[in-house]
$ cat work-v3.tsv   # TSV, C-alpha atoms
chain	number	residue	atom	x	y	z
A	1	MET	CA	2.55	12.77	3.48
A	2	SER	CA	1.96	16.45	3.24
A	3	GLY	CA	2.32	17.04	6.95
A	4	THR	CA	-1.18	18.52	6.92
A	5	PRO	CA	-3.90	16.12	8.04
A	6	LEU	CA	-7.24	16.14	6.36
A	7	SER	CA	-9.38	18.83	7.91
A	8	PRO	CA	-12.30	17.66	10.07
A	9	ALA	CA	-14.46	19.50	7.56
A	10	THR	CA	-13.12	17.43	4.68
A	11	PRO	CA	-15.89	15.16	3.34
A	12	ARG	CA	-14.77	11.67	4.34
A	13	ALA	CA	-17.31	9.99	2.08
A	14	TRP	CA	-15.62	10.77	-1.23
A	15	THR	CA	-12.11	10.06	0.04
A	16	GLY	CA	-13.23	6.54	0.89
A	17	TYR	CA	-14.14	5.95	-2.76
A	18	ILE	CA	-10.71	6.82	-4.19
A	19	ILE	CA	-9.10	3.41	-3.84
A	20	PRO	CA	-12.17	1.36	-4.91
A	21	VAL	CA	-12.63	3.55	-8.00
A	22	LEU	CA	-8.95	3.30	-8.94
A	23	PHE	CA	-9.02	-0.46	-8.35
A	24	LEU	CA	-12.11	-0.90	-10.52
A	25	ALA	CA	-10.61	1.26	-13.27
A	26	ALA	CA	-7.39	-0.78	-13.26
A	27	VAL	CA	-9.27	-4.07	-13.43
A	28	THR	CA	-11.57	-2.77	-16.19
A	29	ALA	CA	-8.66	-1.55	-18.35
A	30	ASN	CA	-6.82	-4.83	-17.82
A	31	VAL	CA	-9.83	-7.01	-18.64
A	32	ALA	CA	-10.58	-4.93	-21.74
A	33	GLY	CA	-7.01	-5.48	-22.92
A	34	LEU	CA	-7.27	-9.19	-22.18
A	35	VAL	CA	-10.43	-9.46	-24.27
A	36	VAL	CA	-8.83	-7.56	-27.17
A	37	HIS	CA	-5.76	-9.80	-27.28
A	38	LEU	CA	-7.64	-13.03	-26.65
A	39	GLY	CA	-9.69	-12.16	-29.73
A	40	GLN	CA	-6.48	-12.52	-31.76
A	41	ALA	CA	-4.87	-15.27	-29.70
A	42	ALA	CA	-4.29	-17.39	-32.82
A	43	GLU	CA	-1.25	-15.13	-33.36
A	44	PRO	CA	1.58	-15.94	-30.88
A	45	ALA	CA	2.30	-12.26	-30.17
A	46	HIS	CA	-1.28	-11.59	-29.15
A	47	LEU	CA	-1.40	-14.80	-27.11
A	48	ALA	CA	1.69	-13.59	-25.23
A	49	ALA	CA	-0.03	-10.24	-24.71
A	50	ALA	CA	-3.05	-12.02	-23.23
A	51	VAL	CA	-0.75	-13.94	-20.85
A	52	PHE	CA	0.80	-10.61	-19.85
A	53	ALA	CA	-2.67	-9.24	-19.13
A	54	VAL	CA	-3.46	-12.24	-16.92
A	55	ALA	CA	-0.16	-11.74	-15.08
A	56	ASN	CA	-0.94	-8.08	-14.49
A	57	LEU	CA	-4.42	-8.94	-13.23
A	58	ALA	CA	-2.81	-11.41	-10.85
A	59	TRP	CA	-0.54	-8.60	-9.61
A	60	VAL	CA	-3.53	-6.36	-8.94
A	61	GLY	CA	-5.28	-9.24	-7.19
A	62	LEU	CA	-2.21	-10.05	-5.13
A	63	GLU	CA	-2.31	-6.60	-3.58
A	64	THR	CA	-6.07	-6.63	-2.93
A	65	PRO	CA	-5.83	-7.42	0.82
A	66	VAL	CA	-3.55	-4.43	1.36
A	67	THR	CA	-5.46	-2.25	-1.10
A	68	PHE	CA	-8.68	-2.57	0.88
A	69	ARG	CA	-7.16	-2.72	4.35
A	70	ARG	CA	-8.40	0.12	6.50
A	71	PRO	CA	-5.61	2.56	7.40
A	72	SER	CA	-4.49	2.40	11.01
A	73	ALA	CA	-4.60	6.21	11.26
A	74	PRO	CA	-6.38	9.00	9.37
A	75	PRO	CA	-4.80	9.68	5.96
A	76	ARG	CA	-2.59	12.75	5.95
A	77	GLU	CA	-3.51	13.68	2.37
A	78	VAL	CA	-5.10	12.18	-0.75
A	79	ALA	CA	-3.76	14.21	-3.69
A	80	THR	CA	-0.71	12.03	-4.33
A	81	LEU	CA	-2.83	8.88	-4.09
A	82	LEU	CA	-5.03	10.22	-6.89
A	83	PHE	CA	-2.01	11.27	-8.94
A	84	TYR	CA	0.04	8.09	-8.88
A	85	GLY	CA	-2.96	5.76	-8.70
A	86	GLY	CA	-4.49	7.46	-11.72
A	87	ALA	CA	-1.16	7.37	-13.56
A	88	ARG	CA	-0.86	3.63	-12.89
A	89	VAL	CA	-4.32	3.01	-14.33
A	90	ALA	CA	-3.51	5.18	-17.36
A	91	VAL	CA	-0.30	3.21	-18.05
A	92	ILE	CA	-2.23	-0.07	-17.94
A	93	ALA	CA	-4.92	1.25	-20.30
A	94	ALA	CA	-2.41	2.72	-22.78
A	95	ALA	CA	-0.33	-0.47	-22.79
A	96	PHE	CA	-3.14	-2.96	-23.30
A	97	LEU	CA	-5.40	-0.88	-25.51
A	98	GLY	CA	-2.90	1.21	-27.48
A	99	PRO	CA	-1.21	0.29	-30.79
A	100	PHE	CA	0.36	-3.17	-30.49
A	101	PRO	CA	4.06	-3.23	-31.53
A	102	TRP	CA	4.61	-6.91	-32.31
A	103	GLN	CA	4.03	-8.25	-35.80
A	104	ARG	CA	5.52	-11.51	-34.61
A	105	LEU	CA	6.92	-12.70	-31.31
A	106	THR	CA	10.72	-12.62	-30.94
A	107	PRO	CA	13.18	-13.49	-28.14
A	108	LEU	CA	13.34	-9.77	-27.33
A	109	ALA	CA	9.99	-10.19	-25.57
A	110	VAL	CA	11.77	-12.04	-22.76
A	111	LEU	CA	13.44	-8.88	-21.43
A	112	PRO	CA	10.22	-6.94	-20.70
A	113	ALA	CA	8.73	-10.06	-19.11
A	114	LEU	CA	11.76	-10.45	-16.83
A	115	LEU	CA	11.60	-6.78	-15.82
A	116	PHE	CA	7.90	-7.14	-15.06
A	117	VAL	CA	8.37	-10.27	-12.92
A	118	SER	CA	11.37	-8.73	-11.12
A	119	GLY	CA	9.42	-5.56	-10.35
A	120	VAL	CA	6.42	-7.45	-8.99
A	121	ALA	CA	8.68	-9.67	-6.88
A	122	LEU	CA	10.59	-6.69	-5.46
A	123	ARG	CA	7.37	-4.90	-4.58
A	124	GLN	CA	5.87	-7.94	-2.87
A	125	ILE	CA	9.03	-8.58	-0.86
A	126	ALA	CA	9.17	-4.92	0.18
A	127	MET	CA	5.52	-4.87	1.24
A	128	ARG	CA	5.89	-8.05	3.26
A	129	THR	CA	9.11	-6.82	4.87
A	130	LEU	CA	7.35	-3.63	5.97
A	131	GLY	CA	4.37	-5.68	7.19
A	132	GLN	CA	1.84	-3.74	9.26
A	133	PHE	CA	3.61	-0.47	8.53
A	134	TYR	CA	2.87	-0.67	4.80
A	135	SER	CA	-0.17	1.26	3.56
A	136	HIS	CA	-1.38	2.74	0.29
A	137	HIS	CA	-2.32	5.76	2.38
A	138	VAL	CA	-0.02	8.43	3.74
A	139	ILE	CA	-0.45	8.07	7.49
A	140	ARG	CA	1.43	8.87	10.68
A	141	ARG	CA	1.69	6.23	13.40
A	142	ASP	CA	2.90	6.77	16.94
A	143	ASP	CA	4.51	3.31	16.97
A	144	HIS	CA	6.40	3.76	13.70
A	145	VAL	CA	9.54	1.62	13.42
A	146	ILE	CA	12.28	2.15	10.84
A	147	VAL	CA	12.64	-1.10	8.91
A	148	ARG	CA	16.20	-1.75	7.72
A	149	THR	CA	15.96	-5.38	6.58
A	150	GLY	CA	15.36	-7.02	3.19
A	151	PRO	CA	15.36	-4.56	0.26
A	152	TYR	CA	15.24	-1.67	2.76
A	153	ARG	CA	18.94	-2.32	3.33
A	154	VAL	CA	19.53	-1.01	-0.20
A	155	VAL	CA	16.92	1.71	-0.89
A	156	ARG	CA	14.39	3.62	1.20
A	157	HIS	CA	11.38	2.95	-1.04
A	158	PRO	CA	11.74	-0.50	-2.65
A	159	ALA	CA	7.96	-0.93	-3.03
A	160	TYR	CA	7.85	2.10	-5.33
A	161	ALA	CA	10.99	0.88	-7.10
A	162	GLY	CA	9.23	-2.43	-7.74
A	163	MET	CA	6.12	-0.69	-9.03
A	164	LEU	CA	8.17	1.41	-11.45
A	165	LEU	CA	10.25	-1.57	-12.60
A	166	GLY	CA	7.15	-3.72	-13.15
A	167	HIS	CA	5.42	-1.04	-15.19
A	168	THR	CA	8.59	-0.43	-17.20
A	169	GLY	CA	8.49	-4.08	-18.23
A	170	LEU	CA	4.81	-3.75	-19.10
A	171	VAL	CA	5.42	-0.66	-21.23
A	172	LEU	CA	8.42	-2.16	-23.02
A	173	PHE	CA	6.33	-5.15	-24.09
A	174	PHE	CA	3.31	-3.08	-25.19
A	175	LEU	CA	5.55	-0.33	-26.56
A	176	ASN	CA	3.67	2.66	-27.96
A	177	PRO	CA	4.03	6.46	-27.58
A	178	PHE	CA	1.08	6.75	-25.21
A	179	SER	CA	2.33	4.14	-22.75
A	180	VAL	CA	5.86	5.61	-22.78
A	181	ALA	CA	4.57	9.12	-22.06
A	182	LEU	CA	2.35	7.86	-19.27
A	183	LEU	CA	5.20	5.85	-17.76
A	184	VAL	CA	7.07	9.15	-17.43
A	185	VAL	CA	4.00	10.61	-15.71
A	186	LEU	CA	3.92	7.61	-13.35
A	187	ALA	CA	7.61	8.12	-12.50
A	188	LEU	CA	6.93	11.78	-11.72
A	189	ALA	CA	3.91	10.79	-9.61
A	190	ILE	CA	6.01	8.30	-7.63
A	191	ALA	CA	8.73	10.92	-7.10
A	192	ARG	CA	6.12	13.37	-5.84
A	193	ARG	CA	4.62	10.73	-3.55
A	194	ILE	CA	8.04	9.96	-2.07
A	195	HIS	CA	8.71	13.65	-1.49
A	196	VAL	CA	5.40	14.04	0.32
A	197	GLU	CA	5.87	10.90	2.42
A	198	GLU	CA	9.31	11.95	3.51
A	199	ARG	CA	8.04	15.22	4.91
A	200	GLU	CA	6.51	13.04	7.59
A	201	LEU	CA	9.24	10.42	7.85
A	202	LEU	CA	12.08	12.92	8.23
A	203	ALA	CA	10.42	14.18	11.38
A	204	ILE	CA	11.50	10.87	12.94
A	205	PRO	CA	15.15	11.17	14.08
A	206	ALA	CA	15.86	7.50	13.35
A	207	TYR	CA	14.64	7.95	9.78
A	208	ARG	CA	17.00	10.89	9.25
A	209	ASP	CA	19.90	8.65	10.24
A	210	TYR	CA	18.63	5.86	7.98
A	211	ALA	CA	18.10	8.23	5.03
A	212	THR	CA	21.68	9.50	5.22
A	213	GLY	CA	23.12	6.21	3.98
A	214	HIS	CA	20.33	4.96	1.73
A	215	PRO	CA	19.13	6.32	-1.65
A	216	ARG	CA	15.41	6.83	-2.14
A	217	LEU	CA	14.75	4.72	-5.22
A	218	VAL	CA	17.76	3.94	-7.41
A	219	PRO	CA	21.27	3.38	-5.97
A	220	GLY	CA	23.75	5.90	-7.32
A	221	LEU	CA	21.02	8.01	-8.93
A	222	TRP	CA	18.35	9.20	-6.46

$ encode --input "work-v3.tsv" --output "structure tokens"
Amino acid sequence: MSGTPLSPATPRAWTGYIIPVLFLAAVTANVAGLVVHLGQAAEPAHLAAAVFAVANLAWVGLETPVTFRRPSAPPREVATLLFYGGARVAVIAAAFLGPFPWQRLTPLAVLPALLFVSGVALRQIAMRTLGQFYSHHVIRRDDHVIVRTGPYRVVRHPAYAGMLLGHTGLVLFFLNPFSVALLVVLALAIARRIHVEERELLAIPAYRDYATGHPRLVPGLW
């Protein structure tokens, strides 16, 4: 939330295409990875990779109702949406289509899978706890309520924490230099998004009080 609403002169047509284009790119990268690994599914490692791709597609599909829900107020800005949405797509593409690290499947593969599932679960719980106040867009609502229940009792942005945790699990399973570098970009994009959102949120006195005792993303770190 930059604090500066989109100008009336801003072309609304192209801004409306941002989320559909990002969604299509994410699905395309994921399906391409699924096809690649299914082609070698006779090997257990590649079969596990294909299962991971299906799980990630299910994650994308799980968020579809919120992804395409019309914002309840005009978006305040779109730059951070492009940045972190594009970074998320790039991580998916680099993970599924980059060099595959597993010659054979080992018990070590369980850890990335657990991180992925935990991240997805945290994000879904956070989104459902926030309910109608959750949006992929940066918006300002007159009826905004500070939610302090569920994971919001621990951190201010658990949905972003879940996204980052889920993609960390994804990258650790499909470990290659490209996916690691892009995970760092995604983390920076999320940090930037949080900074922009909080320009708006800190204008709400109740949020200032809430922010005083709650870290943004990681307890004890930030």

$ closest_residue --input "work-v3.tsv" --among "A:Gly169, A:Pro65, A:Pro219, A:Gly213" --to "A:Ala113" --atoms "all atoms listed in the file"
A:Gly169

$ atom_distance --input "work-v3.tsv" --atom1 "atom CA of A:Val171" --atom2 "atom CA of A:Phe68"
26.3 Å

$ closest_residue --input "work-v3.tsv" --among "A:Ile194, A:Leu81, A:Leu201, A:Ala53" --to "A:Val27" --atoms "only C-alpha atoms"
A:Ala53

$ closest_residue --input "work-v3.tsv" --among "A:Ile18, A:Leu97, A:Ala29, A:Val36" --to "A:Leu175" --atoms "all atoms listed in the file"
A:Leu97

$ atom_distance --input "work-v3.tsv" --atom1 "atom CA of A:Val91" --atom2 "atom CA of A:Arg193"
17.1 Å

$ residues_around --input "work-v3.tsv" --residues "A:Phe133" --least-positions-apart "3" --cutoff "12 Å" --atoms "all atoms listed in the file" --output "list in words"
Val66, Arg69, Pro71, Ser72, Ala73, Ala126, Met127, Arg128, Thr129, Leu130, His136, His137, Val138, Ile139, Arg140, Arg141, Asp142, Asp143, His144, Val145, Ile146 and Val147 of chain A

$ atom_distance --input "work-v3.tsv" --atom1 "atom CA of A:Met163" --atom2 "atom CA of A:Gly119"
6.0 Å

$ residues_around --input "work-v3.tsv" --residues "A:Phe173" --least-positions-apart "4" --cutoff "10 Å" --atoms "all atoms listed in the file" --output "list in words"
Ala48, Ala49, Phe52, Ala95, Phe96, Phe100, Pro101, Trp102, Leu108, Ala109, Val110, Leu111, Pro112, Ala113, Leu115, Phe116, His167, Thr168 and Gly169 of chain A

$ closest_residue --input "work-v3.tsv" --among "A:His37, A:Glu43, A:Pro74, A:Val89" --to "A:Leu22" --atoms "all atoms listed in the file"
A:Val89

$ closest_residue --input "work-v3.tsv" --among "A:Val117, A:Ala25, A:Val35, A:Ile19" --to "A:Arg70" --atoms "all atoms listed in the file"
A:Ile19

$ closest_residue --input "work-v3.tsv" --among "A:Val31, A:Ala41, A:Ala26, A:Ile204" --to "A:Gly86" --atoms "all atoms listed in the file"
A:Ala26

$ residues_around --input "work-v3.tsv" --residues "A:Val185" --least-positions-apart "4" --cutoff "9 Å" --atoms "only C-alpha atoms" --output "PDB file with C-alpha atoms, in the coordinates of the input"
ATOM      1  CA  TYR A  84       0.040   8.090  -8.880  1.00  0.00           C
ATOM      2  CA  ALA A  87      -1.160   7.370 -13.560  1.00  0.00           C
ATOM      3  CA  ARG A  88      -0.860   3.630 -12.890  1.00  0.00           C
ATOM      4  CA  VAL A  91      -0.300   3.210 -18.050  1.00  0.00           C
ATOM      5  CA  VAL A 180       5.860   5.610 -22.780  1.00  0.00           C
ATOM      6  CA  ALA A 181       4.570   9.120 -22.060  1.00  0.00           C
ATOM      7  CA  ALA A 189       3.910  10.790  -9.610  1.00  0.00           C
ATOM      8  CA  ILE A 190       6.010   8.300  -7.630  1.00  0.00           C
TER       9      ILE A 190
END

$ residues_around --input "work-v3.tsv" --residues "stretch 155-161 of chain A" --least-positions-apart "3" --cutoff "9 Å" --atoms "all atoms listed in the file" --output "JSON, numbers by chain"
{"A": [119, 120, 122, 123, 124, 125, 126, 127, 148, 151, 152, 164, 165, 166, 190, 194, 210, 211, 214, 215, 216, 217, 218, 219]}

$ decode --input "work-v3.tsv" --residues "stretch 17-34 of chain A" --atoms "C-alpha atoms" --output "PDB file, in the first residue's frame"
ATOM      1  CA  TYR A  17      -4.968  -8.200 -16.496  1.00  0.00           C
ATOM      2  CA  ILE A  18      -2.141  -8.444 -13.942  1.00  0.00           C
ATOM      3  CA  ILE A  19      -3.593 -11.196 -11.778  1.00  0.00           C
ATOM      4  CA  PRO A  20      -4.988 -13.324 -14.657  1.00  0.00           C
ATOM      5  CA  VAL A  21      -1.640 -13.144 -16.482  1.00  0.00           C
ATOM      6  CA  LEU A  22       0.323 -14.067 -13.348  1.00  0.00           C
ATOM      7  CA  PHE A  23      -2.129 -16.891 -12.607  1.00  0.00           C
ATOM      8  CA  LEU A  24      -1.841 -18.274 -16.143  1.00  0.00           C
ATOM      9  CA  ALA A  25       1.964 -18.040 -16.026  1.00  0.00           C
ATOM     10  CA  ALA A  26       2.081 -19.916 -12.713  1.00  0.00           C
ATOM     11  CA  VAL A  27      -0.210 -22.664 -13.983  1.00  0.00           C
ATOM     12  CA  THR A  28       1.733 -22.953 -17.259  1.00  0.00           C
ATOM     13  CA  ALA A  29       5.106 -23.264 -15.486  1.00  0.00           C
ATOM     14  CA  ASN A  30       3.672 -25.817 -13.079  1.00  0.00           C
ATOM     15  CA  VAL A  31       2.046 -27.934 -15.797  1.00  0.00           C
ATOM     16  CA  ALA A  32       5.230 -27.831 -17.875  1.00  0.00           C
ATOM     17  CA  GLY A  33       7.173 -29.134 -14.878  1.00  0.00           C
ATOM     18  CA  LEU A  34       4.568 -31.816 -14.274  1.00  0.00           C
TER      19      LEU A  34
END
